[in-house]
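*Asks:* So I've got this file, protein-v9.txt, and it contains compact mmCIF, C-alpha atoms:
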# COMPACT_ATOMS: atom_id res chain seq x y z
CA MET K 1 78.10 -5.94 108.12
CA GLN K 2 79.71 -7.46 111.22
CA ILE K 3 82.48 -5.45 112.94
CA GLU K 4 84.72 -6.65 115.74
CA PRO K 5 84.35 -4.75 119.05
CA ARG K 6 87.94 -3.49 118.92
CA ARG K 7 87.31 -2.11 115.42
CA TRP K 8 83.91 -0.59 116.14
CA PRO K 9 83.89 3.06 114.93
CA GLY K 10 83.64 5.26 118.01
CA ARG K 11 81.44 7.90 116.36
CA VAL K 12 78.86 5.44 115.00
CA VAL K 13 75.51 5.34 116.80
CA PRO K 14 74.34 1.70 116.92
CA SER K 15 70.80 1.05 115.75
CA THR K 16 70.25 -2.71 115.50
CA ASP K 17 70.43 -5.17 118.39
CA ALA K 18 73.60 -6.70 116.98
CA ASP K 19 75.25 -3.28 116.66
CA VAL K 20 74.29 -2.39 120.24
CA ASP K 21 75.93 -5.59 121.50
CA VAL K 22 79.14 -4.77 119.60
CA ALA K 23 79.08 -1.15 120.82
CA VAL K 24 78.63 -2.24 124.45
CA GLU K 25 81.53 -4.64 124.15
CA SER K 26 83.63 -1.93 122.50
CA LEU K 27 82.95 0.48 125.36
CA CYS K 28 83.89 -2.11 127.99
CA VAL K 29 87.10 -2.97 126.13
CA ARG K 30 88.14 0.66 125.66
CA ALA K 31 87.29 1.54 129.26
CA SER K 32 89.28 -1.51 130.49
CA TRP K 33 86.28 -3.03 132.28
CA PRO K 34 86.73 -6.77 131.71
CA ASP K 35 84.58 -7.57 134.78
CA ALA K 36 81.60 -5.49 133.63
CA ASP K 37 78.26 -7.29 133.35
CA ARG K 38 77.40 -6.70 129.69
CA ARG K 39 73.69 -7.27 130.24
CA TRP K 40 73.41 -4.47 132.82
CA VAL K 41 75.60 -2.16 130.76
CA ARG K 42 73.43 -2.76 127.72
CA ARG K 43 70.22 -2.15 129.69
CA LEU K 44 71.69 1.15 130.94
CA LEU K 45 72.97 2.37 127.58
CA GLU K 46 70.05 1.44 125.30
CA PRO K 47 68.21 4.77 125.87
CA TRP K 48 71.46 6.70 125.34
CA PHE K 49 72.07 4.98 122.03
CA ALA K 50 68.46 5.68 121.03
CA ALA K 51 69.08 9.38 121.83
CA GLY K 52 71.99 9.54 119.35
CA TRP K 53 74.92 8.85 121.67
CA SER K 54 77.98 6.97 120.41
CA VAL K 55 80.75 5.11 122.23
CA ASP K 56 83.11 8.08 121.91
CA ALA K 57 80.49 10.42 123.37
CA LEU K 58 79.84 8.07 126.30
CA LEU K 59 83.55 7.82 127.11
CA VAL K 60 83.79 11.62 127.11
CA ALA K 61 80.82 11.79 129.48
CA VAL K 62 82.49 9.29 131.82
CA ASP K 63 85.55 11.52 132.13
CA THR K 64 84.08 15.04 132.01
CA LYS K 65 80.97 16.98 132.99
CA PRO K 66 78.86 19.03 130.57
CA ASP K 67 80.78 22.18 131.60
CA GLY K 68 84.10 20.55 130.69
CA THR K 69 85.36 19.90 134.22
CA ARG K 70 86.69 16.51 135.30
CA GLN K 71 84.25 13.94 136.67
CA GLY K 72 86.64 12.55 139.26
CA ARG K 73 88.89 9.56 139.76
CA PRO K 74 88.72 6.55 137.45
CA ARG K 75 86.73 3.52 138.46
CA SER K 76 88.26 1.31 141.12
CA ARG K 77 87.91 -2.46 141.22
CA ALA K 78 85.62 -2.15 144.22
CA GLN K 79 83.01 -0.25 142.17
CA VAL K 80 80.51 -2.16 140.03
CA ALA K 81 80.99 -1.15 136.40
CA HIS K 82 77.39 -0.40 135.45
CA GLU K 83 76.73 1.44 138.77
CA PHE K 84 79.85 3.54 138.20
CA LEU K 85 78.66 4.27 134.66
CA ARG K 86 75.17 5.20 135.90
CA ALA K 87 76.63 7.68 138.40
CA ARG K 88 78.82 9.32 135.79
CA LEU K 89 76.00 9.64 133.24
CA ARG K 90 73.65 11.14 135.83
CA THR K 91 75.33 14.51 135.40
CA TRP K 92 74.38 14.40 131.69
CA THR K 93 70.63 14.32 132.28
CA ALA K 94 69.18 17.76 131.52
CA ASP K 95 66.33 17.75 134.05
CA GLY K 96 66.81 14.48 135.86
CA ALA K 97 65.00 12.48 133.19
CA ARG K 98 65.75 13.94 129.75
CA LEU K 99 69.16 13.08 128.32
CA ALA K 100 71.48 15.89 127.34
CA ARG K 101 72.85 16.28 123.84
CA PRO K 102 75.97 14.18 123.21
CA PRO K 103 79.31 16.05 123.45
CA LEU K 104 80.38 14.53 120.13
CA PRO K 105 78.17 14.24 117.04
CA GLY K 106 77.43 10.73 115.88
CA VAL K 107 76.81 9.16 112.47
CA THR K 108 75.00 6.10 111.27
CA LEU K 109 76.88 3.00 110.26
CA GLY K 110 75.90 3.54 106.63
CA GLU K 111 77.23 7.12 106.64
CA TRP K 112 80.49 5.99 108.22
CA TYR K 113 80.84 3.23 105.64
CA ARG K 114 80.34 5.63 102.71
CA VAL K 115 82.85 8.13 104.12
CA ASN K 116 85.33 5.33 104.80
CA ARG K 117 85.04 3.99 101.26
CA ARG K 118 85.40 7.50 99.79
CA ASN K 119 88.55 8.19 101.82
CA ALA K 120 90.01 4.84 100.83
CA ALA K 121 89.38 5.63 97.16
CA LEU K 122 90.96 9.10 97.50
CA HIS K 123 94.11 7.75 99.15
CA ALA K 124 94.48 4.68 96.95
CA PRO K 125 97.68 4.62 94.86
CA ARG K 126 97.05 5.76 91.33
CA ARG K 127 98.48 4.02 88.30
CA GLY K 128 100.56 6.17 85.99
CA ALA K 129 99.53 6.85 82.43
CA GLY K 130 100.73 4.30 79.93
CA LEU K 131 103.59 5.09 77.55
CA THR K 132 103.08 5.55 73.86
CA SER K 133 104.63 3.17 71.34
CA GLU K 134 107.59 5.54 70.91
CA GLY K 135 108.08 5.73 74.68
CA GLU K 136 107.95 1.95 75.05
CA ARG K 137 110.54 1.54 72.29
CA ALA K 138 112.85 4.19 73.83
CA ARG K 139 112.61 2.55 77.25
CA ALA K 140 113.41 -0.87 75.80
CA GLU K 141 116.43 0.51 73.95
CA SER K 142 117.68 2.29 77.06
CA ARG K 143 117.39 -0.85 79.18
CA ALA K 144 119.12 -2.97 76.54
CA LEU K 145 121.95 -0.44 76.24
CA ALA K 146 122.40 -0.30 80.01
CA HIS K 147 122.81 -4.08 80.16
CA ARG K 148 125.29 -4.22 77.26
CA ARG K 149 127.61 -1.40 78.28
CA ASP K 150 130.73 -2.16 80.31
CA PRO K 151 130.76 -0.58 83.82
CA VAL K 152 134.35 0.63 83.23
CA GLU K 153 133.32 2.30 79.99
CA ARG K 154 130.36 3.96 81.72
CA SER K 155 132.71 5.34 84.39
CA ARG K 156 135.11 6.67 81.75
CA GLU K 157 132.29 8.29 79.82
CA LYS K 158 131.07 9.93 83.02
CA GLY K 159 134.59 11.31 83.59
CA ARG K 160 134.75 12.62 80.03
CA ARG K 161 131.45 14.41 80.42
CA ARG K 162 132.65 15.97 83.68
CA GLN K 163 135.86 17.14 82.01
CA GLU K 164 133.91 18.67 79.15
CA VAL K 165 131.84 20.65 81.61
CA LEU K 166 134.97 21.92 83.39
CA ASP K 167 136.62 22.87 80.10
CA SER K 168 133.58 24.89 79.12
CA LEU K 169 134.16 27.12 82.19
CA LEU K 170 137.63 28.26 80.95
CA VAL K 171 138.16 31.77 79.60
CA PRO K 172 138.49 31.60 75.82
CA GLY K 173 142.13 31.61 74.75
CA GLN K 174 143.50 30.17 78.03
CA GLU K 175 144.85 26.68 78.54
CA VAL K 176 143.91 24.21 81.25
CA PRO K 177 146.18 24.70 84.33
CA SER K 178 148.71 21.90 84.82
CA PHE K 179 149.94 20.29 88.03
CA ALA K 180 153.11 22.39 87.80
CA ASP K 181 150.98 25.54 87.81
CA SER K 182 149.19 24.30 90.91
CA TRP K 183 152.47 23.63 92.75
CA ARG K 184 153.82 27.07 91.86
CA LEU K 185 150.64 28.62 93.24
CA VAL K 186 151.03 26.70 96.50
CA ALA K 187 154.71 27.71 96.77
CA ASP K 188 153.77 31.37 96.40
CA LEU K 189 151.15 31.16 99.16
CA ILE K 190 153.09 29.10 101.74
CA PRO K 191 156.24 30.78 103.22
CA VAL K 192 159.55 28.90 103.01
CA GLN K 193 160.87 27.78 106.41
CA ARG K 194 164.63 27.69 106.92
CA VAL K 195 166.34 25.97 109.86
CA CYS K 196 169.53 27.44 111.37
CA SER K 197 172.32 24.86 111.29
CA ALA K 198 173.78 26.19 114.56
CA CYS K 199 170.82 26.57 116.91
CA GLY K 200 168.00 24.82 115.04
CA HIS K 201 165.82 27.93 114.99
CA VAL K 202 163.11 27.85 112.36
CA ARG K 203 162.71 31.06 110.42
CA SER K 204 160.00 31.75 107.90
CA GLU K 205 161.04 33.79 104.95
CA VAL K 206 158.32 35.74 103.29
CA SER K 207 159.12 37.51 100.11
CA ARG K 208 158.58 41.24 100.48
CA PRO K 209 158.62 43.83 97.74
CA ALA K 210 161.81 45.87 97.62
CA HIS K 211 161.61 49.47 98.73
CA ARG K 212 162.92 51.98 96.26
CA VAL K 213 164.94 54.93 97.58
CA ALA K 214 164.12 58.19 95.88
Produce structure tokens that represent the structure in this file.

*Replies:*
Amino acid sequence: MQIEPRRWPGRVVPSTDADVDVAVESLCVRASWPDADRRWVRRLLEPWFAAGWSVDALLVAVDTKPDGTRQGRPRSRAQVAHEFLRARLRTWTADGARLARPPLPGVTLGEWYRVNRRNAALHAPRRGAGLTSEGERARAESRALAHRRDPVERSREKGRRRQEVLDSLLVPGQEVPSFADSWRLVADLIPVQRVCSACGHVRSEVSRPAHRVA
């Protein structure tokens, strides 16, 4: 299975010569090292790949030390790519010769492929269950009725259904309020304003209950 360098899975540990070439190219692309000599980078990284290191783990080692502290400034154009990489990976040698464990666990290409296929199957859109013969017939009748009915008639029927719902909320024995009832209610709530013909003063008259004298 051939994978483009930009699509190479970062956690996969390359095993074959072809996979190592793709992984080296992927590291150079992700690190923005277009001037890196791929042959020297490959020669440097072959033992790290054999020890179970992936591209993601190598990029972490370039930026941080085993204790989690920063390695230093990024590579400048004056530094040779593979020499810069060798200096950064030197801090990840346990005793000067033995390579430390990778900061990120790696997987084989076959394991990654199986997990990727499983996730794709889990997230694939599922087809709904088919309708029975009765359901198919009801759906066909509903669609045919929707095409035949007049939009104006549908709007009127919707209004009738709404009115039926409102009527069902009335207290039994009472009639539906009319517009005249609504206007009388508004007149009772809003005070009547009278304007003086002499000075133009506006006076609000609010009806007050009469006081009875004992």

*Asks:* Between CA of Gly110 (chain K) and CA of Val12 (chain K), measure the distance and give it in Å to one decimal.

*Replies:*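 Calculated distance between CA of Gly110 (chain K) and CA of Val12 (chain K) is 9.1 Å.
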
*Asks:* Given the choices K:Pro14, K:Gly68, K:Gly52, K:Pro47, which gets closest to Pro105 (chain K) if the distance is worked out from all atoms listed in the file?

*Replies:*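 For Pro105 (chain K), the nearest of the given residues is K:Gly52.
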
*Asks:* I'd like the neighbourhood of region 18-30 of chain K as a ChimeraX atom specification, where a residue qualifies if any of its atoms comes within 12 Å (using only C-alpha atoms), though same-chain residues fewer than 5 positions away should be ignored.

*Replies:* /K:1-13,35-50,53-60,62,81-82,85,108-109

*Asks:* Determine the nearest neighbour of Ser76 (chain K) from the options K:Leu89, K:Ala31, K:Trp112, K:Val171, counting only C-alpha atoms.

*Replies:*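 Closest to Ser76 (chain K) of all the choices is K:Ala31.
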
*Asks:* One decimal, in Å: what's the spacing between CA of Ser15 (chain K) and CA of Tyr113 (chain K)?

*Replies:*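 Computing the Euclidean distance for CA of Ser15 (chain K) and CA of Tyr113 (chain K) yields 14.4 Å.
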